[in-house]
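Here is the file protein-v2.cif (mmCIF, C-alpha atoms and all ligand atoms).
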```cif
data_structure
#
loop_
_atom_site.label_atom_id
_atom_site.label_comp_id
_atom_site.auth_asym_id
_atom_site.auth_seq_id
_atom_site.Cartn_x
_atom_site.Cartn_y
_atom_site.Cartn_z
CA MET U 69 14.73 -17.21 -6.35
CA LYS U 70 16.65 -14.08 -7.26
CA GLN U 71 18.58 -12.98 -4.22
CA ARG U 72 20.38 -9.78 -3.51
CA THR U 73 22.94 -9.66 -0.77
CA LYS U 74 24.85 -6.46 -1.56
CA THR U 75 23.28 -3.09 -1.02
CA LYS U 76 22.34 -1.17 -4.11
CA ILE U 77 19.72 1.42 -4.84
CA MET U 78 16.37 -0.27 -5.21
CA ILE U 79 12.92 1.03 -6.12
CA SER U 80 10.21 -0.34 -3.90
CA TYR U 81 6.44 0.14 -3.65
CA ILE U 82 4.79 -0.02 -0.24
CA ALA U 83 1.06 -0.47 0.34
CA ILE U 84 -0.41 1.31 3.35
CA GLY U 85 -3.72 0.39 4.96
CA SER U 86 -5.60 1.31 8.09
CA ASN U 87 -9.15 1.04 9.40
CA GLN U 88 -8.70 2.00 13.04
CA ASP U 89 -7.68 4.97 15.20
CA ASP U 90 -8.13 7.76 12.63
CA PRO U 91 -6.97 5.92 9.50
CA ILE U 92 -6.18 9.04 7.46
CA LYS U 93 -3.92 10.30 10.22
CA GLN U 94 -2.31 6.85 10.48
CA LEU U 95 -1.46 6.95 6.78
CA ALA U 96 -0.15 10.51 6.92
CA LEU U 97 2.04 9.69 9.95
CA ALA U 98 3.34 6.51 8.33
CA ILE U 99 4.33 8.39 5.17
CA CYS U 100 6.21 10.97 7.27
CA ALA U 101 7.96 8.15 9.16
CA MET U 102 8.91 6.32 5.95
CA ASP U 103 10.30 9.55 4.57
CA LYS U 104 12.66 9.62 7.56
CA ILE U 105 14.09 6.12 7.11
CA ALA U 106 17.84 6.39 6.61
CA ASN U 107 19.17 5.75 3.10
CA THR U 108 15.65 5.97 1.76
CA SER U 109 13.71 8.67 -0.05
CA MET U 110 10.10 9.10 -1.05
CA LEU U 111 9.63 9.31 -4.81
CA ALA U 112 5.85 9.33 -5.18
CA GLN U 113 2.67 8.96 -3.22
CA SER U 114 -0.77 7.94 -4.46
CA SER U 115 -4.00 9.55 -3.38
CA PHE U 116 -5.73 8.07 -0.36
CA TYR U 117 -8.71 5.81 -1.03
CA TYR U 118 -11.55 4.59 1.13
CA SER U 119 -12.06 0.90 0.45
CA THR U 120 -14.60 -1.57 1.66
CA PRO U 121 -13.01 -4.34 3.70
CA MET U 122 -11.76 -7.44 1.98
CA GLY U 123 -12.40 -10.32 4.36
CA PRO U 124 -14.73 -10.01 7.35
CA GLN U 125 -17.33 -7.32 6.63
CA ASP U 126 -18.04 -6.45 10.28
CA GLN U 127 -15.18 -3.95 10.38
CA PRO U 128 -14.86 -0.32 9.30
CA ASP U 129 -13.86 0.69 5.79
CA TYR U 130 -10.13 1.00 5.19
CA VAL U 131 -8.08 3.89 3.95
CA ASN U 132 -5.43 2.70 1.47
CA ALA U 133 -2.57 4.23 -0.45
CA VAL U 134 0.72 3.25 -2.06
CA VAL U 135 4.09 4.99 -1.98
CA LYS U 136 7.12 4.59 -4.19
CA ILE U 137 10.49 4.81 -2.47
CA LYS U 138 14.13 4.61 -3.38
CA THR U 139 16.28 2.84 -0.82
CA ASN U 140 19.74 1.42 -0.20
CA LEU U 141 18.34 -1.03 2.32
CA LEU U 142 18.08 -4.72 1.61
CA PRO U 143 14.46 -5.91 1.52
CA LEU U 144 14.57 -7.56 4.96
CA LYS U 145 16.14 -4.42 6.48
CA LEU U 146 13.40 -2.36 4.86
CA LEU U 147 10.85 -4.77 6.35
CA ASP U 148 12.42 -4.25 9.81
CA LYS U 149 12.03 -0.48 9.43
CA LEU U 150 8.43 -0.76 8.28
CA GLN U 151 7.54 -3.07 11.14
CA LYS U 152 9.10 -0.60 13.56
CA ILE U 153 6.85 2.11 12.17
CA GLU U 154 3.80 -0.15 12.54
CA ILE U 155 4.71 -0.82 16.16
CA SER U 156 5.49 2.84 16.92
CA GLN U 157 1.99 3.70 15.69
CA GLY U 158 0.46 1.20 18.06
CA ARG U 159 0.01 -1.86 15.86
CA ILE U 160 -0.81 -4.96 17.85
CA ARG U 161 -0.75 -8.21 15.89
CA LYS U 162 -3.99 -10.09 16.55
CA LYS U 163 -4.48 -13.82 16.32
CA GLU U 164 -7.58 -13.38 14.18
CA ARG U 165 -6.80 -13.46 10.45
CA TRP U 166 -7.85 -10.35 8.51
CA ALA U 167 -8.82 -8.43 11.64
CA SER U 168 -9.05 -4.61 11.80
CA ARG U 169 -5.69 -2.91 12.09
CA ASN U 170 -4.49 0.59 12.72
CA LEU U 171 -1.56 0.28 10.32
CA ASP U 172 -0.37 -2.18 7.74
CA LEU U 173 2.76 -1.50 5.70
CA ASP U 174 3.28 -4.14 3.04
CA ILE U 175 6.18 -4.33 0.62
CA LEU U 176 4.60 -4.89 -2.78
CA LEU U 177 7.58 -4.80 -5.12
CA CYS U 178 11.37 -4.47 -4.86
CA ASP U 179 12.70 -3.74 -8.33
CA ASP U 180 11.99 -6.95 -10.25
CA LEU U 181 13.00 -9.24 -7.38
CA ILE U 182 11.14 -12.38 -6.42
CA ILE U 183 11.59 -13.09 -2.72
CA ASN U 184 10.35 -16.18 -0.94
CA HIS U 185 11.54 -15.84 2.62
CA PRO U 186 9.73 -16.93 5.81
CA ARG U 187 9.36 -13.24 6.72
CA LEU U 188 8.77 -11.73 3.32
CA THR U 189 7.10 -12.64 0.04
CA VAL U 190 7.65 -10.25 -2.86
CA PRO U 191 5.67 -9.49 -4.99
CA HIS U 192 3.09 -9.32 -2.21
CA TYR U 193 1.02 -12.52 -2.36
CA GLY U 194 -2.38 -10.79 -2.67
CA MET U 195 -1.56 -7.80 -4.81
CA LYS U 196 -2.74 -9.19 -8.15
CA VAL U 197 -6.37 -9.31 -7.05
CA ARG U 198 -6.62 -6.35 -4.67
CA ALA U 199 -8.06 -3.20 -6.22
CA PHE U 200 -7.08 -1.21 -3.12
CA VAL U 201 -3.45 -2.01 -3.90
CA LEU U 202 -3.46 -2.11 -7.71
CA TYR U 203 -5.34 1.11 -8.31
CA PRO U 204 -3.08 3.38 -6.18
CA LEU U 205 -0.07 1.60 -7.73
CA PHE U 206 -1.45 2.30 -11.19
CA GLU U 207 -2.07 5.92 -10.17
CA ILE U 208 1.66 6.30 -9.44
CA ASP U 209 2.81 4.48 -12.58
CA GLU U 210 0.27 3.47 -15.18
CA ASN U 211 2.80 1.23 -16.96
CA ILE U 212 3.95 -0.66 -13.91
CA LYS U 213 4.62 -4.37 -14.39
CA LEU U 214 5.12 -7.17 -11.92
CA PRO U 215 8.22 -9.38 -12.25
CA ASP U 216 6.14 -11.96 -14.17
CA GLY U 217 5.37 -9.31 -16.79
CA SER U 218 1.74 -8.71 -15.81
CA LEU U 219 0.62 -5.11 -16.02
CA ALA U 220 -1.22 -3.54 -13.08
CA SER U 221 -3.57 -1.89 -15.61
CA GLN U 222 -4.45 -5.33 -17.05
CA LEU U 223 -4.94 -6.90 -13.63
CA LEU U 224 -7.23 -4.02 -12.70
CA THR U 225 -9.65 -4.87 -15.50
CA LYS U 226 -10.52 -8.01 -13.49
CA CYS U 227 -11.06 -6.10 -10.23
CA ASP U 228 -14.20 -4.53 -8.87
CA LEU U 229 -13.40 -0.82 -8.56
CA SER U 230 -16.74 0.03 -6.97
CA CYS U 231 -15.16 -0.81 -3.60
CA LEU U 232 -12.85 2.23 -3.93
CA THR U 233 -13.55 5.90 -3.34
CA LYS U 234 -10.83 8.44 -3.89
CA ILE U 235 -10.26 10.95 -1.12
CA CYS U 236 -9.36 14.39 -2.40
CA PRO U 237 -5.54 14.53 -2.14
CA ILE U 238 -5.48 18.05 -0.71
CA ASP U 239 -8.30 17.42 1.70
CA HIS U 240 -6.62 14.52 3.41
CA VAL U 241 -3.93 16.85 4.67
CA ASN U 242 -5.96 19.92 5.52
CA ASN U 243 -9.47 18.92 6.39
CA HIS U 244 -9.71 15.22 6.69
CA THR U 245 -12.94 15.26 8.66
CA LYS U 246 -14.83 16.23 5.51
CA PRO U 247 -13.33 14.26 2.67
CA ILE U 248 -14.49 15.06 -0.83
CA THR U 249 -15.07 11.79 -2.58
CA LEU U 250 -15.03 10.77 -6.17
CA ASN U 251 -16.83 7.59 -7.11
CA LEU U 252 -14.56 5.39 -9.14
CA SER U 253 -17.15 2.81 -10.12
CA SER U 254 -17.45 4.28 -13.63
CA ASN U 255 -13.71 4.71 -13.99
CA VAL U 256 -12.46 2.67 -16.94
CA ILE U 257 -8.82 2.34 -15.86
CA GLN U 258 -7.97 5.77 -17.13
CA LYS U 259 -5.82 8.05 -15.06
CA LYS U 260 -7.78 11.16 -14.05
N1 LIG M 301 -9.35 -4.64 3.03
C1 LIG M 301 -9.14 -3.42 2.51
N2 LIG M 301 -10.12 -2.83 1.82
N3 LIG M 301 -7.98 -2.75 2.67
C2 LIG M 301 -6.93 -3.30 3.36
O1 LIG M 301 -5.87 -2.67 3.50
C3 LIG M 301 -7.10 -4.59 3.89
N4 LIG M 301 -6.10 -5.21 4.57
C4 LIG M 301 -6.25 -6.43 5.02
C5 LIG M 301 -7.49 -7.23 4.84
C6 LIG M 301 -7.99 -7.69 6.19
C7 LIG M 301 -7.18 -8.43 3.96
N5 LIG M 301 -8.55 -6.47 4.21
C8 LIG M 301 -8.34 -5.23 3.70
O2 LIG M 301 -5.22 -7.01 5.63
#
```
Output the file's structure in the form of structure tokens.
Amino acid sequence: MKQRTKTKIMISYIAIGSNQDDPIKQLALAICAMDKIANTSMLAQSSFYYSTPMGPQDQPDYVNAVVKIKTNLLPLKLLDKLQKIEISQGRIRKKERWASRNLDLDILLCDDLIINHPRLTVPHYGMKVRAFVLYPLFEIDENIKLPDGSLASQLLTKCDLSCLTKICPIDHVNNHTKPITLNLSSNVIQKK
């Protein structure tokens, strides 16, 4: 395991998901809150996407996005900050696995680090097979690679993109009650 104990500037990608309590607002608030984390700055933000639930189907669709940040925080300190944001937005951890949630902030990548800690696994354990994570990541950086060398664009060719619908990036800020959608099912891993 590569470990980092001294602070240094690190690039990290965070996945955001919500399917409760006005998900678009949850994502927008979380991005504002992340932007305010000390020693951290927002470098890029993907569009927002509606995505059909992975796991139990008797729950609302999710809204997902990914952000790219630059931070001086160590990964576990960053995790603390993200969990604080989840709690401040009303997240209650349920016993049920894969239950609905009003906000999930998952660290996907921290530079090229591999972290196996009881509190944190990086790269995120599910990211290689989750279109709702890989596609927004690819939107931010179409050449992005995981520490094992796998390309997000390559991993995406094995994912079903029909579960994703892009929400117009401007609309999600101004008029999120009437999102304009773009069906991605015919998208052949090409950036629009
Ligand atoms: N499904 C989708 N589409 N998006 C998510 O963010 C998400 N998060 C989860 C589970 C329950 C696995 N399903 C999801 O934690």
(request) Can you pull out every residue within 8 Å of segment 88-95 of chain U, counting only C-alpha atoms, but drop anything in the same chain fewer than 5 positions away, and send it as a list in words? (result)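 So the residues in contact are Phe116, Pro128, Tyr130, Val131, Asn132, Ala133, Gln157, Ser168, Arg169, Asn170, Leu171, His240 and His244 of chain U.
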(message) Could you check the closest approach to ligand LIG 301 (chain M) for each of U:Leu224, U:Ile175, U:Ala167, U:Leu141 and tell me which residue wins, using all atoms listed in the file?
(response) U:Ala167
Per residue of chain U within 12 Å of ligand LIG 301 (chain M), record the nearest atom pair and its distance in Å to one decimal, counting only C-alpha atoms and all ligand atoms, with rows in chain order and ascending residue number, as CSV.
```
residue,atom,partner,partner_atom,distance
U:Ile82,CA,M:LIG301,O1,11.6
U:Ala83,CA,M:LIG301,O1,7.9
U:Ile84,CA,M:LIG301,O1,6.8
U:Gly85,CA,M:LIG301,O1,4.0
U:Ser86,CA,M:LIG301,O1,6.1
U:Asn87,CA,M:LIG301,O1,7.7
U:Gln88,CA,M:LIG301,O1,11.0
U:Pro91,CA,M:LIG301,O1,10.5
U:Leu95,CA,M:LIG301,O1,11.1
U:Phe116,CA,M:LIG301,O1,11.4
U:Tyr117,CA,M:LIG301,N2,9.2
U:Tyr118,CA,M:LIG301,N2,7.6
U:Ser119,CA,M:LIG301,N2,4.4
U:Thr120,CA,M:LIG301,N2,4.7
U:Pro121,CA,M:LIG301,N1,3.7
U:Met122,CA,M:LIG301,N1,3.8
U:Gly123,CA,M:LIG301,N5,5.4
U:Pro124,CA,M:LIG301,C6,7.2
U:Gln125,CA,M:LIG301,N5,9.1
U:Asp126,CA,M:LIG301,C6,10.9
U:Gln127,CA,M:LIG301,C6,9.1
U:Pro128,CA,M:LIG301,N2,9.2
U:Asp129,CA,M:LIG301,N2,6.5
U:Tyr130,CA,M:LIG301,N3,5.0
U:Val131,CA,M:LIG301,N3,6.8
U:Asn132,CA,M:LIG301,O1,5.8
U:Ala133,CA,M:LIG301,O1,8.6
U:Val134,CA,M:LIG301,O1,10.5
U:Arg161,CA,M:LIG301,O2,11.3
U:Lys162,CA,M:LIG301,C6,11.4
U:Glu164,CA,M:LIG301,C6,9.8
U:Arg165,CA,M:LIG301,C6,7.3
U:Trp166,CA,M:LIG301,C6,3.5
U:Ala167,CA,M:LIG301,C6,5.6
U:Ser168,CA,M:LIG301,C6,6.5
U:Arg169,CA,M:LIG301,O2,7.7
U:Asn170,CA,M:LIG301,O1,9.9
U:Leu171,CA,M:LIG301,O1,8.6
U:Asp172,CA,M:LIG301,O1,7.0
U:Leu173,CA,M:LIG301,O1,9.0
U:Asp174,CA,M:LIG301,O1,9.3
U:His192,CA,M:LIG301,O2,11.7
U:Tyr193,CA,M:LIG301,C7,11.1
U:Gly194,CA,M:LIG301,C7,8.5
U:Met195,CA,M:LIG301,C7,10.4
U:Val197,CA,M:LIG301,C7,11.1
U:Arg198,CA,M:LIG301,C1,8.2
U:Ala199,CA,M:LIG301,N2,8.3
U:Phe200,CA,M:LIG301,N2,6.0
U:Val201,CA,M:LIG301,O1,7.8
U:Leu202,CA,M:LIG301,N3,11.3
U:Tyr203,CA,M:LIG301,N2,11.9
U:Pro204,CA,M:LIG301,O1,11.8
U:Asp228,CA,M:LIG301,N2,11.6
U:Leu229,CA,M:LIG301,N2,11.1
U:Ser230,CA,M:LIG301,N2,11.4
U:Cys231,CA,M:LIG301,N2,7.7
U:Leu232,CA,M:LIG301,N2,8.1
U:Thr233,CA,M:LIG301,N2,10.7
```
Fewer than 5 positions away in the same chain doesn't count, so skip those; otherwise give me all residues within 8 Å of Ile77 of chain U, counting all atoms listed in the file, as a tab-separated table (two decimals) with C-alpha atoms, in the coordinates of the input.
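Listed below is the output, out-v1.tsv:
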```tsv
chain	number	residue	atom	x	y	z
U	138	LYS	CA	14.13	4.61	-3.38
U	139	THR	CA	16.28	2.84	-0.82
U	140	ASN	CA	19.74	1.42	-0.20
U	141	LEU	CA	18.34	-1.03	2.32
```
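In terms of minimum interatomic distance to Leu144 of chain U, U:Arg187 ranks closest within U:Lys226, U:Arg187, U:Lys196, U:Lys213, counting all atoms listed in the file.
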